[in-house]
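> I have a structure here, written as structure tokens, and I will follow up with some questions on it.
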Amino acid sequence: MPRLDRFAIAILTASLPFRLLLALATDLTPDEAYYLSATRLGVTVPDHPPLTVWLLAASDRLPAACPIELRTRLPSLLLGTLVAALVVDLVRRRGGTSHAQRWAAIFGSWLILPLAGGFLATPDAPAFLAAVALLHAEEQRSNPGAAATAALATFGGLIGKVILAPIALVFILFSRRGWMHKVAILLGLIAASPLCLRSFRFQLVHAYSPLAWSIPAVGVALGAAVAAQVGLWTPVVPFVGLRRSLWERPVDRALALALTALFLGSALIRAVPPEPNWIAPAWSAVIVAASLGMPAASSLVRRAAIALGPVLAVVLSTHAIQPWLPIARSKDPSARLHGWSTGQEGNESIPGVGAYGPAAERCVYRGECKNISEYFRDFTAE
């Protein structure tokens with residue numbers, strides 16, 4: 001087995017201060033304010049399992065001198081770094097050279113989605129970590145320790161986001177480990193289920209309830225769903241990762257195909273593009289395969305990976321910190337990151353701001369929690 005490459009570790013570690021800058025230089029998004037409001041009001045929200053609220057309850061106890069944005073985002077900052085480290089080590093365990101490990105560090109920490117998911121307080125970081133941990137456990141010898149890791153990853157991931165339910169089933173059906181390993185995953189799934197059933201029902205309705213359906217709308221939804229994934233992960237990762245190396249392991253193949261089918265199935269049934277981060281854990285297997293394939297890729301592909309990956313991600317991140325690109329505020333998703341702490345009004349028209357957003361932001365930044373409390377009361381009563 002190759003040695004762990006120090007330069008790969010340096011690459012992924014370097015993303016932490018950059019994500020820390022993103023965390024400190026931006027306001028909480030409406031979703032983050034929503035989770036933090038629920039935490040402070042002692043509300044259990046039905047759209048996601050409780051792990052995010054639990055993590056925020058712990059980090060929010062840090063001293064008040066610590067900025068609220070850092071307190072809220074600290075778990076994701078740490079989990080994002082751990083995800084990248086596990087991706088690098090997984091590539092190493094699969095025989096990846098130092099060059100492959102360096103690509104793993106880039107793909108696991110310096111693309112748009114890993115950068116955003118590595119500092120924003122959402123359920124995505126625990127879910128992605130769980131998927132990578134399950135893949136990592138596949139490379140260990142069959143023993144009680146590996147089985148316990150798989151069970152813990154399943155439990156922790158599922159109480160973070162219910163997308164781990166189909167992922168766990170994929171590993172139970174396609175893992176090359178023995179029965180003890182599969183039973184451990186099943187036990188993690190069973191143990192987490194009581195905390196997730198309400199969220200599972202909510203997400204099932206949210207993702208698969210038909211809306212105003214038409215063939216043109218379906219075409220637009222499917223196109224937007226695919227384009228968003230290519231944008232978040234660059235065209236290079238699927239181009240290299242979806243080639244032969246991904247298909248050598250049944251669990252990798254099943255993970256990528258199962259979540260892709262669920263993702264595109266939602267677009268097909270609802271004629272609305274699913275949220276781009278919805279399918280993120282499926283990419284855990286793809287970025288590993290892409291990392292292993294990059295050393296043999298052409299120089300053109302490698303240059304494209306850098307230009308469309310970390311370079312573009314850093315450029316867009318600087319815009320998220322201080323908007324400078326010629327994008328109208330009403331069409332700029334990064335506008336959700338600004339204006340709330342200063343009481344700026346008019347953010348309701350920004351893309352991705354739900355009805356709860358302004359109320360949650362006022363609760364977090366002004367202490368005006370009546371409206372979000374009423375929203376939670378009505379939402380949880382449905």
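Residue numbers start at 1 in each chain; chains themselves are named A, B, ... in the order of the structure tokens; ligands are numbered from 1 in the order shown.
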Just the residues within 12 Å of Val91 (chain A), please, counting only C-alpha atoms, with nothing from its chain fewer than 4 positions along; format it as a ChimeraX atom specification.
/A:1-5,8,84-87,95-105,107-108,132,135-136,139,245,284-294
> Taking the chain letters and numbering used in this document, name the residues of region 188-323 of chain A that DSSP puts in helix (DSSP H, G or I), as a tab-separated table (two decimals) with C-alpha atoms, in the first residue's frame.

chain	number	residue	atom	x	y	z
A	188	GLY	CA	-27.06	1.16	12.34
A	189	LEU	CA	-29.97	1.67	9.97
A	190	ILE	CA	-32.48	0.17	12.41
A	191	ALA	CA	-31.11	2.13	15.39
A	192	ALA	CA	-31.39	5.46	13.54
A	193	SER	CA	-34.82	4.82	12.01
A	194	PRO	CA	-36.96	6.05	14.95
A	195	LEU	CA	-35.21	9.43	14.70
A	197	LEU	CA	-39.17	8.33	10.05
A	198	ARG	CA	-40.83	11.75	10.15
A	199	SER	CA	-38.12	13.27	7.99
A	200	PHE	CA	-38.23	10.33	5.60
A	201	ARG	CA	-41.96	10.82	5.03
A	202	PHE	CA	-41.45	14.57	4.55
A	203	GLN	CA	-38.62	14.15	2.06
A	204	LEU	CA	-40.45	11.43	0.14
A	205	VAL	CA	-43.37	13.80	-0.42
A	206	HIS	CA	-41.04	16.73	-1.10
A	207	ALA	CA	-39.01	14.86	-3.72
A	208	TYR	CA	-41.69	12.83	-5.48
A	215	ILE	CA	-42.89	17.24	-21.23
A	216	PRO	CA	-41.10	20.58	-21.81
A	217	ALA	CA	-40.91	21.18	-18.05
A	218	VAL	CA	-39.45	17.70	-17.55
A	219	GLY	CA	-36.81	18.40	-20.19
A	220	VAL	CA	-35.85	21.65	-18.52
A	221	ALA	CA	-35.76	20.01	-15.08
A	222	LEU	CA	-33.56	17.13	-16.24
A	223	GLY	CA	-31.22	19.47	-18.10
A	224	ALA	CA	-30.91	21.82	-15.12
A	225	ALA	CA	-30.32	18.90	-12.74
A	226	VAL	CA	-27.48	17.50	-14.85
A	227	ALA	CA	-25.97	20.93	-15.55
A	228	ALA	CA	-25.91	21.75	-11.84
A	229	GLN	CA	-23.99	18.58	-11.03
A	230	VAL	CA	-21.45	19.21	-13.79
A	231	GLY	CA	-21.02	22.76	-12.53
A	232	LEU	CA	-20.51	21.72	-8.92
A	233	TRP	CA	-18.03	18.93	-9.69
A	236	VAL	CA	-13.61	16.44	-15.59
A	237	VAL	CA	-14.69	14.46	-12.53
A	238	PRO	CA	-17.54	12.58	-14.26
A	239	PHE	CA	-15.51	12.30	-17.49
A	240	VAL	CA	-12.63	10.57	-15.73
A	241	GLY	CA	-14.50	9.02	-12.80
A	244	ARG	CA	-13.76	1.83	-16.23
A	245	SER	CA	-12.29	2.27	-12.72
A	246	LEU	CA	-15.66	3.18	-11.18
A	247	TRP	CA	-17.26	-0.01	-12.41
A	248	GLU	CA	-14.65	-2.39	-10.97
A	250	PRO	CA	-20.06	-3.35	-7.43
A	251	VAL	CA	-20.71	-1.12	-4.40
A	252	ASP	CA	-19.24	1.94	-6.18
A	253	ARG	CA	-21.32	1.25	-9.25
A	254	ALA	CA	-24.50	0.65	-7.27
A	255	LEU	CA	-23.99	3.76	-5.13
A	256	ALA	CA	-23.55	6.04	-8.14
A	257	LEU	CA	-26.40	4.50	-10.12
A	258	ALA	CA	-28.92	4.23	-7.27
A	259	LEU	CA	-28.63	7.84	-6.15
A	260	THR	CA	-28.54	9.11	-9.73
A	261	ALA	CA	-31.76	7.22	-10.45
A	262	LEU	CA	-33.43	8.70	-7.36
A	263	PHE	CA	-32.21	12.18	-8.26
A	264	LEU	CA	-33.28	12.12	-11.91
A	265	GLY	CA	-36.47	10.30	-10.96
A	266	SER	CA	-37.43	13.29	-8.82
A	267	ALA	CA	-36.89	15.65	-11.77
A	268	LEU	CA	-38.88	13.35	-14.02
A	269	ILE	CA	-41.85	13.00	-11.65
A	270	ARG	CA	-42.04	16.60	-10.42
A	276	PRO	CA	-28.22	20.16	-6.40
A	277	ASN	CA	-26.73	19.01	-3.08
A	278	TRP	CA	-29.36	16.26	-2.82
A	279	ILE	CA	-27.20	13.72	-4.64
A	280	ALA	CA	-23.84	14.75	-3.17
A	281	PRO	CA	-23.00	11.43	-1.40
A	282	ALA	CA	-23.20	9.59	-4.73
A	283	TRP	CA	-20.13	11.52	-5.81
A	284	SER	CA	-18.00	9.99	-3.06
A	285	ALA	CA	-17.34	6.94	-5.24
A	286	VAL	CA	-16.96	9.02	-8.41
A	287	ILE	CA	-14.31	11.40	-7.05
A	288	VAL	CA	-12.29	8.44	-5.76
A	289	ALA	CA	-12.41	6.83	-9.20
A	290	ALA	CA	-11.55	10.17	-10.84
A	291	SER	CA	-8.58	10.66	-8.52
A	292	LEU	CA	-7.23	7.22	-9.39
A	293	GLY	CA	-7.64	7.95	-13.09
A	294	MET	CA	-6.14	11.46	-13.18
A	295	PRO	CA	-2.42	10.47	-13.22
A	296	ALA	CA	-3.01	8.74	-16.57
A	299	SER	CA	-2.29	17.18	-19.87
A	300	LEU	CA	-5.34	18.89	-21.40
A	301	VAL	CA	-7.67	17.06	-18.99
A	302	ARG	CA	-5.44	17.89	-16.02
A	303	ARG	CA	-5.31	21.57	-16.96
A	304	ALA	CA	-9.08	21.62	-17.42
A	305	ALA	CA	-9.49	20.02	-13.98
A	306	ILE	CA	-7.49	22.81	-12.36
A	307	ALA	CA	-9.12	25.64	-14.33
A	308	LEU	CA	-12.70	24.42	-13.91
A	309	GLY	CA	-12.10	23.10	-10.41
A	310	PRO	CA	-10.12	24.99	-7.77
A	311	VAL	CA	-9.48	28.11	-9.88
A	312	LEU	CA	-13.16	28.61	-10.71
A	313	ALA	CA	-14.20	27.69	-7.16
A	314	VAL	CA	-11.85	30.27	-5.65
A	315	VAL	CA	-13.04	32.95	-8.07
A	316	LEU	CA	-16.67	32.28	-7.21
A	317	SER	CA	-15.77	32.16	-3.52
A	318	THR	CA	-14.25	35.64	-3.67
A	319	HIS	CA	-17.53	36.81	-5.17
A	320	ALA	CA	-19.37	35.13	-2.30
A	321	ILE	CA	-17.17	37.04	0.16
> Could you please determine the separation between CA of Arg336 (chain A) and CA of Leu28 (chain A) in Å, to one decimal place?
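If I compute the distance from CA of Arg336 (chain A) to CA of Leu28 (chain A), I get 8.0 Å.
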> Got a sec: who's within 10 Å of Ala148 (chain A), counting only C-alpha atoms, leaving out chain neighbours fewer than 3 positions off, as a list in words?
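Listing them by chain and then by number gives Ala137, Asn143, Pro144, Gly145, Ala151, Leu152, Ala153, Thr154, Met180, His181, Ala184, Ile185, Leu187 and Gly188 of chain A.
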> Export, as an mmCIF file, in the first residue's frame, the selected residues with N, CA and C atoms.

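The resulting file, again_29.cif, is reproduced below:
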data_model
loop_
_atom_site.group_PDB
_atom_site.id
_atom_site.type_symbol
_atom_site.label_atom_id
_atom_site.label_comp_id
_atom_site.auth_asym_id
_atom_site.auth_seq_id
_atom_site.Cartn_x
_atom_site.Cartn_y
_atom_site.Cartn_z
ATOM 1 N N ALA A 137 -14.534 1.782 4.990
ATOM 2 C CA ALA A 137 -14.643 0.518 5.717
ATOM 3 C C ALA A 137 -14.574 -0.681 4.775
ATOM 4 N N ASN A 143 -13.328 -7.329 10.331
ATOM 5 C CA ASN A 143 -13.106 -7.508 11.761
ATOM 6 C C ASN A 143 -14.147 -6.682 12.508
ATOM 7 N N PRO A 144 -14.302 -6.914 13.809
ATOM 8 C CA PRO A 144 -15.312 -6.160 14.566
ATOM 9 C C PRO A 144 -15.124 -4.647 14.493
ATOM 10 N N GLY A 145 -13.868 -4.191 14.417
ATOM 11 C CA GLY A 145 -13.619 -2.757 14.346
ATOM 12 C C GLY A 145 -14.174 -2.140 13.070
ATOM 13 N N ALA A 151 -21.268 0.550 11.155
ATOM 14 C CA ALA A 151 -22.525 0.771 11.883
ATOM 15 C C ALA A 151 -22.630 2.211 12.365
ATOM 16 N N LEU A 152 -21.532 2.738 12.901
ATOM 17 C CA LEU A 152 -21.525 4.111 13.403
ATOM 18 C C LEU A 152 -21.708 5.106 12.269
ATOM 19 N N ALA A 153 -21.049 4.840 11.122
ATOM 20 C CA ALA A 153 -21.198 5.733 9.970
ATOM 21 C C ALA A 153 -22.640 5.746 9.486
ATOM 22 N N THR A 154 -23.259 4.578 9.447
ATOM 23 C CA THR A 154 -24.652 4.496 9.009
ATOM 24 C C THR A 154 -25.560 5.258 9.962
ATOM 25 N N MET A 180 -21.073 -10.227 8.904
ATOM 26 C CA MET A 180 -20.969 -9.400 10.108
ATOM 27 C C MET A 180 -20.981 -7.911 9.746
ATOM 28 N N HIS A 181 -20.302 -7.561 8.670
ATOM 29 C CA HIS A 181 -20.236 -6.170 8.217
ATOM 30 C C HIS A 181 -21.620 -5.693 7.774
ATOM 31 N N ALA A 184 -23.946 -5.219 10.668
ATOM 32 C CA ALA A 184 -23.619 -3.999 11.401
ATOM 33 C C ALA A 184 -24.255 -2.783 10.747
ATOM 34 N N ILE A 185 -24.205 -2.718 9.416
ATOM 35 C CA ILE A 185 -24.846 -1.601 8.701
ATOM 36 C C ILE A 185 -26.352 -1.637 8.921
ATOM 37 N N LEU A 187 -27.917 -2.859 11.479
ATOM 38 C CA LEU A 187 -28.209 -2.439 12.856
ATOM 39 C C LEU A 187 -28.122 -0.919 12.995
ATOM 40 N N GLY A 188 -27.137 -0.300 12.329
ATOM 41 C CA GLY A 188 -27.057 1.160 12.344
ATOM 42 C C GLY A 188 -28.283 1.784 11.716
#
> Just want the 9 Å neighbourhood of Pro333 (chain A), counted on only C-alpha atoms, with same-chain residues fewer than 4 positions away dropped. Output as a PyMOL selection string.
chain A and resi 320+329+337+350-353
> Rounded to one decimal in Å, what is the spacing between CA of Gln344 (chain A) and CA of Ala23 (chain A)?
19.3 Å
> Go ahead and compute the interatomic distance for CA of Pro75 (chain A) and CA of Ala58 (chain A), in Å to one decimal.
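According to the coordinates, CA of Pro75 (chain A) and CA of Ala58 (chain A) are separated by 9.2 Å.
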> For Leu82 (chain A), which of A:Val45, A:Pro166, A:Ala125, A:Trp110 is the closest residue, counting only C-alpha atoms?
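Comparing A:Val45, A:Pro166, A:Ala125, A:Trp110 against Leu82 (chain A), the winner is A:Ala125.
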